[in-house]
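Below is one structure; the comments refer to it alone.
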Amino acid sequence: MSLADGQIIATAPSGYCIDDIASQLNSDFAVLAPCASLGEGTPAPDVLGLVTLQVGPAESGAVAQDELALRDFLITDAGASLLSSEGDAAKVTILSTQAFNNQVMVHFEDQGTPPIAGLQDEEWRAFADINGRLVTIAVRGLATAPLRDGPGAGLLKLMLAGVKSVTPDTPQTASDA
């Protein structure tokens with residue numbers, strides 16, 4: 001899929017497709033789910049989850065300036081509020097964080113109402129700068145078939161690796177995930 005006026009290309013992991021109903025590509029927001037759950041005649045992937053991808057406006061990327069500062073911010077109450085589906089830091093428990101290669105990843109549990117009914121409380125989220133824009137990717141499993149750390153983080157990394165700038169000489173990409 002093409003986002004940010006064609007400046008960013010996102011390739012879904014194998015077995016995942018864009019949900020055309022839930023996505024708002026003209027607003028640089030996409031929802032990806034197993035193709036089989038969207039009525040495609042393909043087998044379900046080994047890892048079942050829901051992925052959201054949001055590309056920020058031009059010049060919104062600031063992760064590369066200091067990814068350690070963003071990682072450290074996310075473990076504060078203000079950062080937990082940002083991660084919370086309800087904006088309530090008390091409902092968020094940070095399980096792990098990583099900062100590397102101009103990217104930040106966080107694994108957390110959110111006891112608030114899930115952003116989409118039927119999703120699990122745990123979420124894996126990544127922040128990266130791509131072509132000068134902040135890109136945010138979130139992964140959750142289903143409440144009835146929750147993801148665990150390995151598969152959840154793996155799906156997040158696959159999605160992150162599939163998001164690239166169409167400008168080949170742009171140094172800030174997520175392809176190092």
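Residues in the structure tokens are named by chain (A, B, ... in the order shown) and by number from 1 within that chain; ligands are numbered from 1 in the order shown.
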
If you run DSSP over the backbone, which residues in segment 13-144 of chain A end up alpha helix (DSSP H)? Put them as a PDB file with N, CA, C and O atoms, in the first residue's frame.
ATOM      1  N   GLU A  67      16.254   8.334  20.213  1.00  0.00           N
ATOM      2  CA  GLU A  67      15.353   7.207  20.494  1.00  0.00           C
ATOM      3  C   GLU A  67      15.384   6.801  21.960  1.00  0.00           C
ATOM      4  O   GLU A  67      14.394   6.322  22.496  1.00  0.00           O
ATOM      5  N   LEU A  68      16.503   7.005  22.630  1.00  0.00           N
ATOM      6  CA  LEU A  68      16.570   6.665  24.057  1.00  0.00           C
ATOM      7  C   LEU A  68      15.654   7.564  24.890  1.00  0.00           C
ATOM      8  O   LEU A  68      15.033   7.103  25.850  1.00  0.00           O
ATOM      9  N   ALA A  69      15.547   8.821  24.511  1.00  0.00           N
ATOM     10  CA  ALA A  69      14.655   9.737  25.232  1.00  0.00           C
ATOM     11  C   ALA A  69      13.197   9.304  25.059  1.00  0.00           C
ATOM     12  O   ALA A  69      12.421   9.346  26.019  1.00  0.00           O
ATOM     13  N   LEU A  70      12.819   8.873  23.847  1.00  0.00           N
ATOM     14  CA  LEU A  70      11.448   8.404  23.640  1.00  0.00           C
ATOM     15  C   LEU A  70      11.199   7.138  24.449  1.00  0.00           C
ATOM     16  O   LEU A  70      10.178   7.016  25.120  1.00  0.00           O
ATOM     17  N   ARG A  71      12.145   6.209  24.413  1.00  0.00           N
ATOM     18  CA  ARG A  71      11.997   4.980  25.205  1.00  0.00           C
ATOM     19  C   ARG A  71      11.806   5.321  26.679  1.00  0.00           C
ATOM     20  O   ARG A  71      10.916   4.789  27.349  1.00  0.00           O
ATOM     21  N   ASP A  72      12.639   6.211  27.189  1.00  0.00           N
ATOM     22  CA  ASP A  72      12.539   6.598  28.596  1.00  0.00           C
ATOM     23  C   ASP A  72      11.228   7.319  28.898  1.00  0.00           C
ATOM     24  O   ASP A  72      10.654   7.144  29.969  1.00  0.00           O
ATOM     25  N   PHE A  73      10.739   8.119  27.964  1.00  0.00           N
ATOM     26  CA  PHE A  73       9.459   8.807  28.145  1.00  0.00           C
ATOM     27  C   PHE A  73       8.315   7.805  28.275  1.00  0.00           C
ATOM     28  O   PHE A  73       7.412   7.984  29.097  1.00  0.00           O
ATOM     29  N   LEU A  74       8.343   6.749  27.471  1.00  0.00           N
ATOM     30  CA  LEU A  74       7.233   5.793  27.465  1.00  0.00           C
ATOM     31  C   LEU A  74       7.054   5.074  28.793  1.00  0.00           C
ATOM     32  O   LEU A  74       5.960   4.602  29.090  1.00  0.00           O
ATOM     33  N   ASP A  77       4.603   8.144  33.608  1.00  0.00           N
ATOM     34  CA  ASP A  77       3.136   8.219  33.618  1.00  0.00           C
ATOM     35  C   ASP A  77       2.612   8.910  32.365  1.00  0.00           C
ATOM     36  O   ASP A  77       1.595   8.493  31.801  1.00  0.00           O
ATOM     37  N   ALA A  78       3.280   9.966  31.925  1.00  0.00           N
ATOM     38  CA  ALA A  78       2.837  10.668  30.714  1.00  0.00           C
ATOM     39  C   ALA A  78       2.938   9.752  29.501  1.00  0.00           C
ATOM     40  O   ALA A  78       2.046   9.746  28.637  1.00  0.00           O
ATOM     41  N   GLY A  79       4.004   8.962  29.429  1.00  0.00           N
ATOM     42  CA  GLY A  79       4.161   8.022  28.328  1.00  0.00           C
ATOM     43  C   GLY A  79       3.121   6.917  28.373  1.00  0.00           C
ATOM     44  O   GLY A  79       2.548   6.538  27.350  1.00  0.00           O
ATOM     45  N   ALA A  80       2.858   6.394  29.562  1.00  0.00           N
ATOM     46  CA  ALA A  80       1.833   5.355  29.711  1.00  0.00           C
ATOM     47  C   ALA A  80       0.459   5.897  29.331  1.00  0.00           C
ATOM     48  O   ALA A  80      -0.352   5.182  28.734  1.00  0.00           O
ATOM     49  N   SER A  81       0.201   7.151  29.643  1.00  0.00           N
ATOM     50  CA  SER A  81      -1.071   7.777  29.242  1.00  0.00           C
ATOM     51  C   SER A  81      -1.195   7.825  27.724  1.00  0.00           C
ATOM     52  O   SER A  81      -2.270   7.599  27.169  1.00  0.00           O
ATOM     53  N   LEU A  82      -0.081   8.123  27.060  1.00  0.00           N
ATOM     54  CA  LEU A  82      -0.073   8.160  25.594  1.00  0.00           C
ATOM     55  C   LEU A  82      -0.373   6.771  25.023  1.00  0.00           C
ATOM     56  O   LEU A  82      -1.106   6.642  24.043  1.00  0.00           O
ATOM     57  N   LEU A  83       0.167   5.735  25.643  1.00  0.00           N
ATOM     58  CA  LEU A  83      -0.042   4.372  25.164  1.00  0.00           C
ATOM     59  C   LEU A  83      -1.443   3.852  25.456  1.00  0.00           C
ATOM     60  O   LEU A  83      -1.978   3.027  24.712  1.00  0.00           O
TER      61      LEU A  83
END

**OP:** Within segment 3-155 of chain A, find each residue whose DSSP state, derived from the backbone, is strand (DSSP E or B), and express the selection as a ChimeraX atom specification.
**Re:** /A:3,8-10,16-18,24,29-34,50-55,92-100,103-110,119,122-130,133-140,142,145

Selection from above, C-alpha atoms, as a JSON list (two decimals), in the first residue's frame, can you write it?
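Final output, result.json:
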[["chain", "number", "residue", "atom", "x", "y", "z"],
["A", 3, "LEU", "CA", 0.89, 6.16, 2.13],
["A", 8, "ILE", "CA", 6.03, 5.58, 1.97],
["A", 9, "ILE", "CA", 5.27, 2.04, 0.88],
["A", 10, "ALA", "CA", 4.04, -0.60, 3.33],
["A", 16, "TYR", "CA", -2.07, -10.32, 5.99],
["A", 17, "CYS", "CA", -4.22, -7.95, 3.94],
["A", 18, "ILE", "CA", -5.48, -4.40, 4.28],
["A", 24, "GLN", "CA", -8.45, 5.29, 5.99],
["A", 29, "PHE", "CA", -4.05, 5.00, 8.52],
["A", 30, "ALA", "CA", -4.28, 1.29, 7.74],
["A", 31, "VAL", "CA", -5.64, -1.75, 9.50],
["A", 32, "LEU", "CA", -4.23, -5.13, 8.52],
["A", 33, "ALA", "CA", -5.66, -8.50, 9.46],
["A", 34, "PRO", "CA", -5.24, -12.10, 8.33],
["A", 50, "LEU", "CA", -4.47, -7.21, 14.11],
["A", 51, "VAL", "CA", -2.03, -4.55, 12.95],
["A", 52, "THR", "CA", -2.59, -0.81, 12.75],
["A", 53, "LEU", "CA", -0.26, 1.53, 10.91],
["A", 54, "GLN", "CA", -0.34, 5.32, 11.17],
["A", 55, "VAL", "CA", 1.92, 7.67, 9.23],
["A", 92, "VAL", "CA", -0.93, 0.48, 31.61],
["A", 93, "THR", "CA", 1.89, -1.83, 32.65],
["A", 94, "ILE", "CA", 5.07, -1.58, 30.60],
["A", 95, "LEU", "CA", 6.45, -5.08, 30.01],
["A", 96, "SER", "CA", 9.51, -4.22, 27.92],
["A", 97, "THR", "CA", 11.07, -1.49, 25.80],
["A", 98, "GLN", "CA", 13.79, -1.37, 23.16],
["A", 99, "ALA", "CA", 15.49, 1.50, 21.35],
["A", 100, "PHE", "CA", 17.80, 0.91, 18.41],
["A", 103, "GLN", "CA", 13.30, 2.99, 16.35],
["A", 104, "VAL", "CA", 11.54, 2.43, 19.65],
["A", 105, "MET", "CA", 9.49, -0.64, 20.48],
["A", 106, "VAL", "CA", 7.36, -1.10, 23.56],
["A", 107, "HIS", "CA", 5.41, -4.12, 24.82],
["A", 108, "PHE", "CA", 2.72, -3.26, 27.33],
["A", 109, "GLU", "CA", -0.54, -4.36, 28.88],
["A", 110, "ASP", "CA", -3.49, -1.98, 28.80],
["A", 119, "LEU", "CA", -8.61, -7.73, 21.12],
["A", 122, "GLU", "CA", -1.27, -6.83, 25.53],
["A", 123, "GLU", "CA", 0.10, -4.69, 22.70],
["A", 124, "TRP", "CA", 3.38, -4.38, 20.85],
["A", 125, "ARG", "CA", 3.99, -0.91, 19.41],
["A", 126, "ALA", "CA", 6.81, 0.57, 17.36],
["A", 127, "PHE", "CA", 7.73, 4.16, 16.58],
["A", 128, "ALA", "CA", 10.11, 4.98, 13.72],
["A", 129, "ASP", "CA", 11.01, 7.87, 11.45],
["A", 130, "ILE", "CA", 10.55, 7.14, 7.77],
["A", 133, "ARG", "CA", 7.46, 11.20, 9.18],
["A", 134, "LEU", "CA", 6.61, 9.47, 12.44],
["A", 135, "VAL", "CA", 5.35, 5.97, 11.72],
["A", 136, "THR", "CA", 3.50, 4.13, 14.47],
["A", 137, "ILE", "CA", 2.70, 0.42, 14.20],
["A", 138, "ALA", "CA", 0.64, -1.48, 16.77],
["A", 139, "VAL", "CA", -0.02, -5.22, 17.06],
["A", 140, "ARG", "CA", -2.57, -7.03, 19.22],
["A", 142, "LEU", "CA", -7.40, -11.69, 19.76],
["A", 145, "ALA", "CA", -6.35, -16.39, 20.85]]

**OP:** Compare A:Gly141, A:Gly154, A:Gly132, A:Pro13 by their minimum atom-to-atom distance to Ala62 of chain A, counting only C-alpha atoms, and give me the closest one.
**Re:**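 The shortest atom-to-atom distance to Ala62 of chain A comes from A:Gly132.
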
Original post:
Between atom CA of Ser84 of chain A and atom CA of Asp5 of chain A, what is the spacing in Å?
Top reply: 29.1 Å

Subject >> Nearest to Val163 of chain A by atom-to-atom distance, counting only C-alpha atoms, from A:Asn131, A:Thr144, A:Ser37, A:Gln65 >> reply: A:Asn131

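Atom CA of Ala64 of chain A to atom CA of Ala161 of chain A spans 16.3 Å [interatomic distance, one decimal].
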
Original post:
A:Ala12, A:Cys35, A:Val47, A:Ala4: which is nearest Gly150 of chain A, counting only C-alpha atoms?
Top reply: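 Among A:Ala12, A:Cys35, A:Val47, A:Ala4, it is A:Val47 that comes nearest to Gly150 of chain A.
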
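Atom pair atom CA of Gly15 of chain A / atom CA of Asp46 of chain A has a distance of 8.6 Å (rounded to one decimal).
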